[in-house]
file entry-v2.tsv (TSV, C-alpha atoms and all ligand atoms)
chain	number	residue	atom	x	y	z
A	426	MET	CA	-103.80	6.91	34.53
A	427	ASP	CA	-101.20	5.57	32.16
A	428	ARG	CA	-97.87	7.30	32.47
A	429	TRP	CA	-94.85	7.63	30.22
A	430	ILE	CA	-91.49	8.11	31.89
A	431	MET	CA	-88.21	8.66	30.13
A	432	HIS	CA	-84.82	7.92	31.68
A	433	VAL	CA	-81.78	9.53	30.08
A	434	ASP	CA	-78.24	8.52	31.03
A	435	MET	CA	-75.01	9.68	29.39
A	436	ASP	CA	-72.67	6.97	28.13
A	437	ALA	CA	-69.38	6.44	30.00
A	438	PHE	CA	-69.81	10.03	31.05
A	439	TYR	CA	-66.45	11.21	32.47
A	440	ALA	CA	-64.52	9.11	29.94
A	441	CYS	CA	-66.50	10.40	26.96
A	442	VAL	CA	-66.00	14.01	28.06
A	443	GLU	CA	-62.25	13.30	28.17
A	444	GLN	CA	-62.33	11.69	24.72
A	445	ARG	CA	-64.30	14.61	23.35
A	446	ASP	CA	-61.85	17.20	24.69
A	447	LYS	CA	-58.74	15.21	23.75
A	448	PRO	CA	-59.52	13.82	20.30
A	449	GLU	CA	-56.32	11.76	20.32
A	450	LEU	CA	-58.07	9.54	22.92
A	451	LYS	CA	-60.98	8.65	20.62
A	452	GLY	CA	-61.32	4.89	20.20
A	453	LEU	CA	-58.78	4.17	22.94
A	454	PRO	CA	-59.32	2.60	26.36
A	455	VAL	CA	-59.62	5.49	28.84
A	456	VAL	CA	-59.92	5.06	32.59
A	457	VAL	CA	-60.89	8.04	34.77
A	458	GLY	CA	-60.35	7.93	38.51
A	459	GLY	CA	-57.95	8.42	41.41
A	460	LEU	CA	-54.43	7.82	40.18
A	461	GLY	CA	-52.80	7.29	43.59
A	462	ASN	CA	-52.02	3.92	45.13
A	463	ARG	CA	-55.41	3.69	46.73
A	464	GLY	CA	-57.32	5.29	43.86
A	465	VAL	CA	-60.65	3.97	42.60
A	466	VAL	CA	-62.04	3.92	39.05
A	467	SER	CA	-64.78	6.52	38.50
A	468	THR	CA	-65.56	5.21	35.06
A	469	ALA	CA	-64.01	3.57	32.02
A	470	SER	CA	-64.61	4.13	28.32
A	471	TYR	CA	-66.38	1.31	26.52
A	472	GLU	CA	-63.04	0.38	24.93
A	473	ALA	CA	-61.62	-0.21	28.42
A	474	ARG	CA	-64.71	-2.07	29.64
A	475	VAL	CA	-63.93	-4.85	27.18
A	476	PHE	CA	-60.97	-5.66	29.46
A	477	GLY	CA	-63.23	-5.90	32.50
A	478	VAL	CA	-62.52	-2.44	33.89
A	479	HIS	CA	-65.51	-0.82	35.63
A	480	SER	CA	-66.58	1.90	38.08
A	481	ALA	CA	-65.64	1.50	41.76
A	482	MET	CA	-62.84	-0.97	40.98
A	483	PRO	CA	-59.44	-0.31	42.61
A	484	MET	CA	-57.24	1.55	40.14
A	485	SER	CA	-54.48	-1.01	40.74
A	486	THR	CA	-56.78	-3.74	39.39
A	487	ALA	CA	-57.68	-1.61	36.37
A	488	ARG	CA	-53.97	-1.13	35.61
A	489	LYS	CA	-53.45	-4.87	35.70
A	490	LEU	CA	-56.46	-5.63	33.49
A	491	CYS	CA	-55.65	-3.00	30.89
A	492	PRO	CA	-52.11	-1.67	31.21
A	493	GLU	CA	-52.30	0.06	27.82
A	494	ALA	CA	-55.24	2.27	28.88
A	495	ILE	CA	-54.85	5.99	29.30
A	496	PHE	CA	-55.39	6.85	32.96
A	497	ILE	CA	-56.83	10.26	33.77
A	498	SER	CA	-57.59	12.07	37.00
A	499	PRO	CA	-61.18	13.43	37.06
A	500	ASP	CA	-61.89	17.06	36.28
A	501	HIS	CA	-65.18	17.55	38.09
A	502	LYS	CA	-65.64	21.15	37.02
A	503	ARG	CA	-65.76	20.19	33.36
A	504	TYR	CA	-68.20	17.33	33.98
A	505	LYS	CA	-70.40	19.58	36.07
A	506	ALA	CA	-70.56	22.13	33.24
A	507	VAL	CA	-71.71	19.42	30.79
A	508	SER	CA	-74.18	18.17	33.39
A	509	GLU	CA	-75.75	21.62	33.59
A	510	GLN	CA	-76.00	21.70	29.79
A	511	ILE	CA	-77.82	18.38	29.56
A	512	MET	CA	-80.15	19.17	32.48
A	513	ALA	CA	-81.11	22.39	30.68
A	514	ILE	CA	-81.86	20.38	27.53
A	515	PHE	CA	-84.07	17.99	29.54
A	516	THR	CA	-86.06	20.93	30.90
A	517	GLY	CA	-86.88	21.87	27.31
A	518	PHE	CA	-88.22	18.39	26.60
A	519	ALA	CA	-90.40	17.70	29.64
A	520	PRO	CA	-92.32	19.67	32.24
A	521	LEU	CA	-91.10	17.46	35.10
A	522	VAL	CA	-87.41	16.59	35.32
A	523	GLU	CA	-85.81	14.78	38.24
A	524	PRO	CA	-82.01	14.75	38.10
A	525	LEU	CA	-80.69	11.55	39.67
A	526	SER	CA	-76.98	12.05	39.42
A	527	ILE	CA	-74.52	14.12	37.42
A	528	ASP	CA	-75.37	12.39	34.13
A	529	GLU	CA	-78.91	11.06	34.38
A	530	ALA	CA	-82.48	12.15	34.94
A	531	PHE	CA	-86.07	11.00	34.83
A	532	LEU	CA	-88.45	12.98	32.62
A	533	ASP	CA	-92.20	12.68	32.91
A	534	ILE	CA	-93.54	12.86	29.36
A	535	THR	CA	-97.08	11.68	30.10
A	536	GLY	CA	-98.61	14.96	28.96
A	537	ILE	CA	-96.42	15.14	25.87
A	538	SER	CA	-97.45	11.63	24.85
A	539	LYS	CA	-100.95	12.93	24.29
A	540	ALA	CA	-99.70	15.29	21.59
A	541	VAL	CA	-96.73	13.33	20.25
A	542	ALA	CA	-97.64	9.90	18.93
A	543	ASP	CA	-94.09	8.92	18.03
A	544	LEU	CA	-92.32	8.70	21.39
A	545	PRO	CA	-89.16	7.03	20.04
A	546	GLY	CA	-88.97	9.90	17.53
A	547	TYR	CA	-89.23	12.32	20.45
A	548	ALA	CA	-86.40	10.53	22.24
A	549	LEU	CA	-84.31	10.60	19.09
A	550	ALA	CA	-84.81	14.35	18.87
A	551	LEU	CA	-83.59	14.65	22.47
A	552	LYS	CA	-80.55	12.49	21.76
A	553	LYS	CA	-79.82	14.61	18.68
A	554	ARG	CA	-80.02	17.83	20.69
A	555	ILE	CA	-77.61	16.44	23.29
A	556	LYS	CA	-75.23	15.38	20.53
A	557	GLU	CA	-75.36	18.78	18.84
A	558	GLN	CA	-74.77	20.71	22.02
A	559	THR	CA	-72.25	18.49	23.77
A	560	GLN	CA	-70.90	16.10	21.10
A	561	LEU	CA	-71.77	13.28	23.50
A	562	THR	CA	-74.11	10.31	23.32
A	563	ALA	CA	-76.83	9.37	25.78
A	564	SER	CA	-79.00	6.30	26.20
A	565	VAL	CA	-82.73	6.68	26.62
A	566	GLY	CA	-85.39	4.39	28.03
A	567	ILE	CA	-89.11	5.08	27.73
A	568	ALA	CA	-91.57	3.07	29.79
A	569	PRO	CA	-94.69	3.30	31.93
A	570	ASN	CA	-92.68	3.84	35.13
A	571	LYS	CA	-89.29	4.76	36.60
A	572	PHE	CA	-88.05	1.23	37.24
A	573	LEU	CA	-88.73	0.11	33.66
A	574	ALA	CA	-87.47	3.35	32.09
A	575	LYS	CA	-84.13	3.02	33.89
A	576	PHE	CA	-83.94	-0.62	32.98
A	577	ALA	CA	-84.60	0.26	29.32
A	578	SER	CA	-81.95	2.99	29.08
A	579	ASP	CA	-79.40	0.64	30.60
A	580	TYR	CA	-80.38	-2.33	28.47
A	581	LYS	CA	-79.45	-0.75	25.16
A	582	LYS	CA	-76.29	1.13	26.20
A	583	PRO	CA	-74.33	2.84	24.66
A	584	ASP	CA	-76.16	5.28	22.36
A	585	GLY	CA	-79.31	3.25	23.01
A	586	LEU	CA	-83.00	3.81	22.74
A	587	MET	CA	-85.63	1.41	24.03
A	588	LEU	CA	-89.35	1.76	24.52
A	589	ILE	CA	-91.25	-0.69	26.70
A	590	LYS	CA	-94.96	-0.96	26.03
A	591	PRO	CA	-97.21	-1.87	28.97
A	592	GLU	CA	-98.42	-5.01	27.20
A	593	ASN	CA	-94.85	-6.36	26.89
A	594	VAL	CA	-93.72	-5.80	30.47
A	595	GLN	CA	-94.48	-9.22	31.96
A	596	GLU	CA	-92.94	-11.15	29.12
A	597	LEU	CA	-89.83	-8.96	29.11
A	598	LEU	CA	-89.16	-9.25	32.85
A	599	ALA	CA	-89.93	-12.97	33.24
A	600	PRO	CA	-86.58	-14.50	32.16
A	601	LEU	CA	-84.33	-11.82	33.70
A	602	PRO	CA	-82.20	-12.57	36.78
A	603	VAL	CA	-83.66	-11.25	40.06
A	604	GLY	CA	-80.65	-8.92	40.31
A	605	TYR	CA	-82.52	-6.58	37.96
A	606	LEU	CA	-84.97	-5.78	40.75
A	607	VAL	CA	-83.72	-2.55	42.33
A	608	GLY	CA	-82.42	-3.39	45.80
A	609	ILE	CA	-81.53	-7.02	45.22
A	610	GLY	CA	-77.77	-7.14	45.55
A	611	LYS	CA	-75.36	-10.02	45.16
A	612	ALA	CA	-75.89	-11.42	48.67
A	613	THR	CA	-79.67	-11.47	48.35
A	614	GLN	CA	-79.38	-12.97	44.89
A	615	LYS	CA	-77.28	-15.78	46.31
A	616	ALA	CA	-79.70	-16.36	49.16
A	617	LEU	CA	-82.62	-16.53	46.72
A	618	LYS	CA	-80.69	-18.97	44.57
A	619	SER	CA	-80.48	-21.37	47.49
A	620	PHE	CA	-84.29	-21.51	47.32
A	621	GLY	CA	-84.12	-22.15	43.58
A	622	ILE	CA	-85.15	-18.61	42.68
A	623	GLU	CA	-83.03	-17.13	39.92
A	624	THR	CA	-85.35	-15.36	37.52
A	625	ILE	CA	-87.97	-12.70	38.02
A	626	GLU	CA	-90.64	-15.13	36.93
A	627	GLN	CA	-89.54	-17.64	39.59
A	628	PHE	CA	-89.57	-14.84	42.18
A	629	ARG	CA	-93.12	-13.89	41.17
A	630	LYS	CA	-94.35	-17.46	41.48
A	631	THR	CA	-92.75	-18.30	44.82
A	632	ASP	CA	-94.85	-18.44	47.95
A	633	TYR	CA	-94.79	-15.14	49.85
A	634	ARG	CA	-93.68	-16.80	53.10
A	635	VAL	CA	-90.65	-18.30	51.39
A	636	LEU	CA	-89.68	-14.97	49.83
A	637	GLU	CA	-90.09	-13.26	53.19
A	638	LYS	CA	-87.42	-15.50	54.68
A	639	VAL	CA	-84.87	-13.90	52.37
A	640	THR	CA	-86.14	-10.45	51.54
A	641	GLY	CA	-87.99	-9.65	54.78
A	642	LYS	CA	-90.02	-6.48	54.88
A	643	GLN	CA	-88.98	-5.58	51.32
A	644	THR	CA	-90.79	-8.58	49.84
A	645	GLU	CA	-93.88	-6.60	48.93
A	646	SER	CA	-91.96	-3.89	47.07
A	647	PHE	CA	-89.83	-6.48	45.23
A	648	LEU	CA	-92.99	-8.29	44.17
A	649	LEU	CA	-94.39	-5.06	42.79
A	650	LEU	CA	-91.21	-4.50	40.78
A	651	ALA	CA	-91.22	-8.14	39.65
A	652	ASN	CA	-94.67	-7.46	38.25
A	653	GLY	CA	-93.47	-4.31	36.55
A	654	ILE	CA	-95.26	-2.00	38.98
A	655	ASP	CA	-93.54	1.11	40.31
A	656	GLU	CA	-95.66	4.04	41.39
A	657	ARG	CA	-92.88	6.46	42.29
A	658	GLN	CA	-93.50	9.87	40.77
A	659	VAL	CA	-90.97	12.01	38.94
A	660	GLN	CA	-89.98	14.56	41.56
A	661	PRO	CA	-88.16	17.66	40.34
A	662	ASP	CA	-85.52	19.57	42.30
A	663	ARG	CA	-84.50	16.79	44.63
A	664	GLU	CA	-80.84	17.19	43.66
A	665	ALA	CA	-80.76	20.80	44.71
A	666	LYS	CA	-82.34	20.14	48.07
A	667	SER	CA	-80.54	19.27	51.23
A	668	ILE	CA	-81.58	18.53	54.77
A	669	GLY	CA	-79.47	19.84	57.60
A	670	LYS	CA	-79.40	21.14	61.13
A	671	GLU	CA	-76.88	23.30	62.88
A	672	ASN	CA	-76.49	24.63	66.39
A	673	THR	CA	-74.59	27.59	67.74
A	674	TYR	CA	-73.66	27.08	71.39
A	675	GLU	CA	-73.92	29.73	74.03
A	676	GLN	CA	-70.65	28.51	75.44
A	677	ASP	CA	-67.96	27.12	73.19
A	678	LEU	CA	-67.52	23.37	73.42
A	679	TYR	CA	-64.12	21.89	74.22
A	680	ASP	CA	-65.03	18.53	75.66
A	681	SER	CA	-64.90	15.81	72.98
A	682	GLU	CA	-67.55	13.74	74.76
A	683	GLN	CA	-69.89	16.71	74.69
A	684	ILE	CA	-69.15	17.29	71.00
A	685	ARG	CA	-69.99	13.64	70.33
A	686	GLN	CA	-73.29	14.04	72.18
A	687	GLU	CA	-74.13	17.07	70.07
A	688	LEU	CA	-73.30	15.19	66.89
A	689	LEU	CA	-75.56	12.34	67.96
A	690	MET	CA	-78.38	14.80	68.58
A	691	LEU	CA	-77.88	16.45	65.18
A	692	ALA	CA	-77.68	13.07	63.44
A	693	GLN	CA	-81.00	12.10	65.02
A	694	LYS	CA	-82.63	15.35	63.92
A	695	VAL	CA	-81.37	15.10	60.35
A	696	GLY	CA	-82.15	11.37	60.12
A	697	TRP	CA	-85.68	11.91	61.33
A	698	ARG	CA	-86.32	14.68	58.79
A	699	LEU	CA	-84.95	12.50	55.99
A	700	ARG	CA	-87.12	9.55	56.91
A	701	ARG	CA	-90.19	11.73	57.35
A	702	GLU	CA	-89.83	12.74	53.70
A	703	ASN	CA	-88.69	9.27	52.63
A	704	LEU	CA	-85.43	10.76	51.37
A	705	CYS	CA	-81.99	9.34	51.38
A	706	GLY	CA	-78.82	11.34	50.63
A	707	GLN	CA	-75.51	10.48	49.07
A	708	THR	CA	-73.38	13.15	50.75
A	709	LEU	CA	-72.90	14.10	54.39
A	710	THR	CA	-71.28	17.44	55.27
A	711	LEU	CA	-69.98	18.39	58.69
A	712	LYS	CA	-69.55	22.07	59.45
A	713	VAL	CA	-67.56	23.33	62.42
A	714	ARG	CA	-67.08	26.96	63.44
A	715	TYR	CA	-64.36	27.91	65.89
A	716	PRO	CA	-64.79	30.61	68.54
A	717	ASP	CA	-62.94	33.04	66.23
A	718	PHE	CA	-65.51	32.32	63.46
A	719	GLU	CA	-63.08	30.44	61.30
A	720	THR	CA	-65.31	27.80	59.62
A	721	HIS	CA	-64.45	24.41	58.19
A	722	THR	CA	-66.49	21.85	56.33
A	723	ARG	CA	-65.73	18.25	55.50
A	724	SER	CA	-67.87	15.99	53.32
A	725	SER	CA	-68.07	12.36	52.52
A	726	SER	CA	-70.14	10.39	50.03
A	727	SER	CA	-71.66	6.98	50.44
A	728	SER	CA	-73.27	4.80	47.87
A	729	PHE	CA	-75.28	3.26	50.74
A	730	GLY	CA	-77.06	6.52	51.30
A	731	PHE	CA	-77.53	8.45	54.55
A	732	TYR	CA	-80.85	7.53	56.07
A	733	TYR	CA	-80.36	5.97	59.49
A	734	ASP	CA	-79.26	8.01	62.52
A	735	GLU	CA	-76.55	5.52	63.42
A	736	TYR	CA	-74.96	5.67	60.00
A	737	ILE	CA	-75.07	9.49	59.88
A	738	TYR	CA	-73.59	9.65	63.36
A	739	LYS	CA	-70.82	7.17	62.58
A	740	GLU	CA	-69.79	9.04	59.45
A	741	ALA	CA	-70.01	12.39	61.27
A	742	LEU	CA	-67.51	11.05	63.82
A	743	ASN	CA	-65.19	10.07	60.98
A	744	LEU	CA	-65.46	13.54	59.47
A	745	CYS	CA	-64.76	15.04	62.89
A	746	LYS	CA	-61.37	13.38	62.92
A	747	LYS	CA	-60.46	15.53	59.91
A	748	ILE	CA	-61.03	18.78	61.79
A	749	ASN	CA	-59.00	20.13	64.68
A	750	LEU	CA	-61.47	20.47	67.53
A	751	LYS	CA	-58.96	21.55	70.14
A	752	LYS	CA	-59.53	25.20	69.26
A	753	GLY	CA	-63.05	24.95	70.63
A	754	VAL	CA	-66.36	24.78	68.83
A	755	ARG	CA	-68.87	27.58	68.47
A	756	LEU	CA	-71.15	25.88	65.94
A	757	ILE	CA	-71.66	22.39	64.61
A	758	GLY	CA	-73.80	21.50	61.62
A	759	LEU	CA	-74.68	18.33	59.76
A	760	THR	CA	-76.21	18.36	56.29
A	761	VAL	CA	-77.22	15.52	54.01
A	762	SER	CA	-77.40	16.41	50.31
A	763	LYS	CA	-77.77	14.78	46.88
A	764	LEU	CA	-81.14	13.55	47.97
A	765	HIS	CA	-83.11	10.80	46.32
A	766	ASP	CA	-86.24	8.86	46.93
A	767	ASN	CA	-85.31	6.33	49.59
A	768	ASN	CA	-86.40	3.45	47.36
A	769	GLN	CA	-83.99	4.53	44.69
A	770	MET	CA	-80.95	4.24	46.88
A	771	MET	CA	-81.51	0.64	47.84
A	772	THR	CA	-79.25	-0.71	45.13
A	773	SER	CA	-76.29	-1.14	47.45
A	774	LEU	CA	-78.18	-2.18	50.56
A	775	ASP	CA	-78.10	-5.85	51.08
A	776	PHE	CA	-80.19	-7.47	53.67
A	777	ASP	CA	-77.76	-8.44	56.33
A	778	GLY	CA	-78.77	-8.56	59.95
A	779	SER	CA	-77.55	-5.11	60.95
A	780	GLU	CA	-79.65	-3.39	58.30
A	781	GLU	CA	-82.71	-5.29	59.50
A	782	LEU	CA	-82.03	-4.43	63.11
A	783	GLN	CA	-81.35	-0.77	62.40
A	784	SER	CA	-84.50	-0.41	60.43
A	785	LYS	CA	-86.64	-2.15	63.07
A	786	ARG	CA	-85.30	0.04	65.84
A	787	THR	CA	-85.61	3.16	63.75
A	788	ARG	CA	-89.18	2.40	62.76
A	789	ALA	CA	-90.14	1.96	66.39
A	790	VAL	CA	-88.55	5.26	67.39
A	791	ASP	CA	-90.00	7.09	64.39
A	792	ALA	CA	-93.48	5.83	65.21
A	793	LEU	CA	-93.14	7.41	68.66
A	794	LYS	CA	-91.86	10.65	67.19
A	795	LYS	CA	-94.75	10.80	64.77
A	796	ARG	CA	-97.21	10.39	67.59
A	797	PHE	CA	-95.69	12.43	70.39
A	798	GLY	CA	-93.36	14.84	68.64
A	799	GLU	CA	-89.71	14.78	67.81
A	800	SER	CA	-88.34	15.60	71.26
A	801	ILE	CA	-89.84	12.49	72.83
A	802	ILE	CA	-86.88	10.27	72.35
A	803	ASN	CA	-83.72	12.14	71.42
A	804	LYS	CA	-80.52	10.85	73.02
A	805	GLY	CA	-82.57	8.01	74.41
A	806	VAL	CA	-83.91	10.22	77.21
A	807	LEU	CA	-87.67	10.33	77.64
A	808	PRO	CA	-89.23	13.51	79.02
A	809	GLU	CA	-90.76	13.30	82.46
A	810	GLU	CA	-94.42	12.45	82.60
B	1	LIG	P1	-72.84	6.15	35.43
B	1	LIG	O1	-73.93	6.74	34.60
B	1	LIG	O2	-73.20	5.09	36.41
B	1	LIG	O3	-71.72	5.53	34.49
B	1	LIG	P2	-71.15	6.06	33.12
B	1	LIG	O4	-71.92	7.23	32.62
B	1	LIG	O5	-69.69	6.30	33.27
B	1	LIG	O6	-71.33	4.82	32.18
B	1	LIG	P3	-72.69	4.23	31.57
B	1	LIG	O7	-72.53	4.32	30.10
B	1	LIG	O8	-72.75	2.83	32.06
B	1	LIG	O9	-73.80	5.08	32.08
B	1	LIG	O10	-72.13	7.29	36.24
B	1	LIG	C1	-71.92	8.59	35.71
B	1	LIG	C2	-70.59	9.15	36.16
B	1	LIG	O11	-70.51	9.18	37.57
B	1	LIG	C3	-69.41	8.33	35.69
B	1	LIG	O12	-68.98	8.69	34.38
B	1	LIG	C4	-68.39	8.61	36.75
B	1	LIG	C5	-69.19	8.87	38.00
B	1	LIG	N1	-69.15	7.67	38.88
B	1	LIG	C6	-68.20	7.61	39.88
B	1	LIG	O13	-67.41	8.54	40.06
B	1	LIG	N2	-68.14	6.47	40.66
B	1	LIG	C7	-69.00	5.41	40.48
B	1	LIG	O14	-68.90	4.39	41.21
B	1	LIG	C8	-69.98	5.50	39.46
B	1	LIG	C9	-70.93	4.35	39.22
B	1	LIG	C10	-70.02	6.64	38.68
B	2	MG	MG	-74.00	7.20	32.59
call {"tool": "encode", "arguments": {"input": "entry-v2.tsv", "output": "C-alpha cells"}}
result
Amino acid sequence: MDRWIMHVDMDAFYACVEQRDKPELKGLPVVVGGLGNRGVVSTASYEARVFGVHSAMPMSTARKLCPEAIFISPDHKRYKAVSEQIMAIFTGFAPLVEPLSIDEAFLDITGISKAVADLPGYALALKKRIKEQTQLTASVGIAPNKFLAKFASDYKKPDGLMLIKPENVQELLAPLPVGYLVGIGKATQKALKSFGIETIEQFRKTDYRVLEKVTGKQTESFLLLANGIDERQVQPDREAKSIGKENTYEQDLYDSEQIRQELLMLAQKVGWRLRRENLCGQTLTLKVRYPDFETHTRSSSSSFGFYYDEYIYKEALNLCKKINLKKGVRLIGLTVSKLHDNNQMMTSLDFDGSEELQSKRTRAVDALKKRFGESIINKGVLPEE
C-alpha cells in the first residue's frame, strides 16, 4: 500500500525560541550552548550559520568564527514547553505521530491523503498553526517513507516545504552524495570514494561484493535506501518509553568489584531488551540507593545511541564515578530512554572495526538467548548441563 509520511522539524529551534522571546535578537547571529571553556554549541541561528557555526562545535571555535554573535546558555524548560505545544499540534493533524527529538516528529498521513487531495496545502495549514501558536517556523517534508520525508524537510530548510512523489524518487536521489544515506558517515564516505563511489547512483550500480567490502552487513539496508525504499513504520510513543532494570540487594554492596559485576549484569539485561525490540536510546541513567534510602541518579547522553552491552556498561562505569559508593549500595538501576528505532540512530555510527566486532559478538550471544532464554549467557557463565 502506498504511504504518505510527513516529517516536521523546527528551524534552528533553541536559537529561534531565544529570538522570539528577546525581540532585540531578531536578525542577529545567536549561538546557544555551554558558555564555559569546554562548552559545546547546541545550535546557531541561521544568521550565525553563515559564519560556519553549527551544532556540536566547541564553543571556543564558534567564538572565533563569529565573535559578534550573541552567546546564550540553553533554557531547556522553555524549549520543552514549546516542544509540548508543537507535539500537541501534530496530534491534531495525524492519527500516528512519532516524536523523534525535542523539535521533530514523523506523522503518518496515509489515511488523510485519501480525503485531502492537496497534501502541500495540508502541510501549509500545519505550518500556519505552528506559527500562530508559537511564532516559530518549521520545515516540512512529505514523501512515501520516513527516509525521504526527513530528507525533504531538511532539503528546503528553513521555513521549507517539499513533497516527493514516488515517480520522482530515483531521479532525485541519483546525483546526491552517498552521505545522504542514513548511516553513512564521513569515514564510510571516504572509504567508498576510494572505490570511485561518490553518488547514490554510483552506489546503486556498484557490484554488491565491492560494496560489502566497505559497508559490510549494512550493505543491503543502504541499497534499499539508495533505491528510495524504507519500510520503517511511524511508531507513536517511543519518546515516552524507556527500558530499564533495577535490583535491590538483600545485603548492601560495598565492594567496588561486586558493584561492577552487578552493573555488567544490568547492562546485559537492558541491552538485550533493547535489541529484542530493535530500539536504541540516547540517554542512559544510573540510579543508586544507599542503605539509608537516599537515592541519586546520574544521566548521560550519547549521539551514538545505547544499544550494545559493552557501551552501556562502559558509560555506566563512568556515571558511577559521579556517585559516592563508599556509603554502601542498597539498589542499583540502569535505564535507557529517548528511544528510537535502531536504524534511525545509525547516523553517527561509522563502520570501524570495533563496531563490527561488537555487533558480531552481540549477534551470536543474542541468538543463543533467543533460543535458550536470557539467563543462558549472562556474565559469560553458562549454566550447568
Ligand atoms: P536540530 O533540529 O538538529 O537543529 P535545529 O532545530 O537547531 O536547526 P535546523 O533548522 O537545522 O533543524 O536540533 C534541535 C535542537 O536540539 C537544537 O535547536 C538544539 C538541540 N541540539 C543539541 O543540543 N545538540 C546537537 O548536537 C543538536 C544537533 C541539536
Ligand atoms: Mg530542527
call {"tool": "residues_around", "arguments": {"input": "entry-v2.tsv", "residues": "region 684-700 of chain A", "least_positions_apart": "3", "cutoff": "6 Å", "atoms": "only C-alpha atoms", "output": "PDB file with C-alpha atoms, keeping the file's coordinate frame"}}
result
ATOM      1  CA  GLY A 669     -79.470  19.840  57.600  1.00  0.00           C
ATOM      2  CA  SER A 681     -64.900  15.810  72.980  1.00  0.00           C
ATOM      3  CA  ASN A 703     -88.690   9.270  52.630  1.00  0.00           C
ATOM      4  CA  LEU A 704     -85.430  10.760  51.370  1.00  0.00           C
ATOM      5  CA  TYR A 732     -80.850   7.530  56.070  1.00  0.00           C
ATOM      6  CA  TYR A 733     -80.360   5.970  59.490  1.00  0.00           C
ATOM      7  CA  ASP A 734     -79.260   8.010  62.520  1.00  0.00           C
ATOM      8  CA  ILE A 737     -75.070   9.490  59.880  1.00  0.00           C
ATOM      9  CA  TYR A 738     -73.590   9.650  63.360  1.00  0.00           C
TER      10      TYR A 738
END
call {"tool": "closest_residue", "arguments": {"input": "entry-v2.tsv", "among": "A:Lys451, A:Lys751, A:Arg788, A:Arg474", "to": "ligand LIG 1 (chain B)", "atoms": "all atoms listed in the file"}}
result
A:Arg474
call {"tool": "atom_distance", "arguments": {"input": "entry-v2.tsv", "atom1": "CA of Ala651 (chain A)", "atom2": "CA of Gln707 (chain A)"}}
result
26.1 Å
call {"tool": "residues_near_ligand", "arguments": {"input": "entry-v2.tsv", "ligand": "ligand LIG 1 (chain B)", "cutoff": "9 Å", "atoms": "all atoms listed in the file", "output": "ChimeraX atom specification"}}
result
/A:434-442,457-458,465-471,479-482,499,504,526-529,563-564,578-579,582-584,728
call {"tool": "closest_residue", "arguments": {"input": "entry-v2.tsv", "among": "A:Val478, A:Leu561, A:Ala519, A:Ile497", "to": "ligand MG 2 (chain B)", "atoms": "only C-alpha atoms and all ligand atoms"}}
result
A:Leu561
call {"tool": "atom_distance", "arguments": {"input": "entry-v2.tsv", "atom1": "CA of Ser784 (chain A)", "atom2": "CA of Gly706 (chain A)"}}
result
16.3 Å
call {"tool": "closest_residue", "arguments": {"input": "entry-v2.tsv", "among": "A:Gln627, A:Thr640, A:Asn767, A:Thr562", "to": "ligand MG 2 (chain B)", "atoms": "all atoms listed in the file"}}
result
A:Thr562
call {"tool": "atom_distance", "arguments": {"input": "entry-v2.tsv", "atom1": "CA of Gly566 (chain A)", "atom2": "CA of Ile430 (chain A)"}}
result
8.1 Å
call {"tool": "closest_residue", "arguments": {"input": "entry-v2.tsv", "among": "A:Gln558, A:Ser508, A:Thr760, A:Ser727", "to": "ligand MG 2 (chain B)", "atoms": "all atoms listed in the file"}}
result
A:Ser508
call {"tool": "closest_residue", "arguments": {"input": "entry-v2.tsv", "among": "A:Tyr605, A:Tyr736, A:Val455, A:Leu549", "to": "Phe576 (chain A)", "atoms": "only C-alpha atoms"}}
result
A:Tyr605
call {"tool": "closest_residue", "arguments": {"input": "entry-v2.tsv", "among": "A:Val659, A:Leu756, A:Ile609, A:Ile654", "to": "Asp677 (chain A)", "atoms": "all atoms listed in the file"}}
result
A:Leu756
call {"tool": "residues_around", "arguments": {"input": "entry-v2.tsv", "residues": "Leu525 (chain A)", "least_positions_apart": "4", "cutoff": "10 Å", "atoms": "all atoms listed in the file", "output": "ChimeraX atom specification"}}
result
/A:432-434,529-531,660-664,763-766,769
call {"tool": "write_last_selection", "arguments": {"input": "entry-v2.tsv", "atoms": "C-alpha atoms", "output": "PDB file, in the frame of the given file"}}
result
ATOM      1  CA  HIS A 432     -84.820   7.920  31.680  1.00  0.00           C
ATOM      2  CA  VAL A 433     -81.780   9.530  30.080  1.00  0.00           C
ATOM      3  CA  ASP A 434     -78.240   8.520  31.030  1.00  0.00           C
ATOM      4  CA  GLU A 529     -78.910  11.060  34.380  1.00  0.00           C
ATOM      5  CA  ALA A 530     -82.480  12.150  34.940  1.00  0.00           C
ATOM      6  CA  PHE A 531     -86.070  11.000  34.830  1.00  0.00           C
ATOM      7  CA  GLN A 660     -89.980  14.560  41.560  1.00  0.00           C
ATOM      8  CA  PRO A 661     -88.160  17.660  40.340  1.00  0.00           C
ATOM      9  CA  ASP A 662     -85.520  19.570  42.300  1.00  0.00           C
ATOM     10  CA  ARG A 663     -84.500  16.790  44.630  1.00  0.00           C
ATOM     11  CA  GLU A 664     -80.840  17.190  43.660  1.00  0.00           C
ATOM     12  CA  LYS A 763     -77.770  14.780  46.880  1.00  0.00           C
ATOM     13  CA  LEU A 764     -81.140  13.550  47.970  1.00  0.00           C
ATOM     14  CA  HIS A 765     -83.110  10.800  46.320  1.00  0.00           C
ATOM     15  CA  ASP A 766     -86.240   8.860  46.930  1.00  0.00           C
ATOM     16  CA  GLN A 769     -83.990   4.530  44.690  1.00  0.00           C
TER      17      GLN A 769
END
call {"tool": "residues_near_point", "arguments": {"input": "entry-v2.tsv", "point": "(-60.7, 26.7, 65.8)", "cutoff": "8 Å", "atoms": "only C-alpha atoms", "output": "list in words"}}
result
Arg714, Tyr715, Pro716, Asp717, Phe718, Glu719, Thr720, Asn749, Leu750, Lys751, Lys752, Gly753 and Val754 of chain A
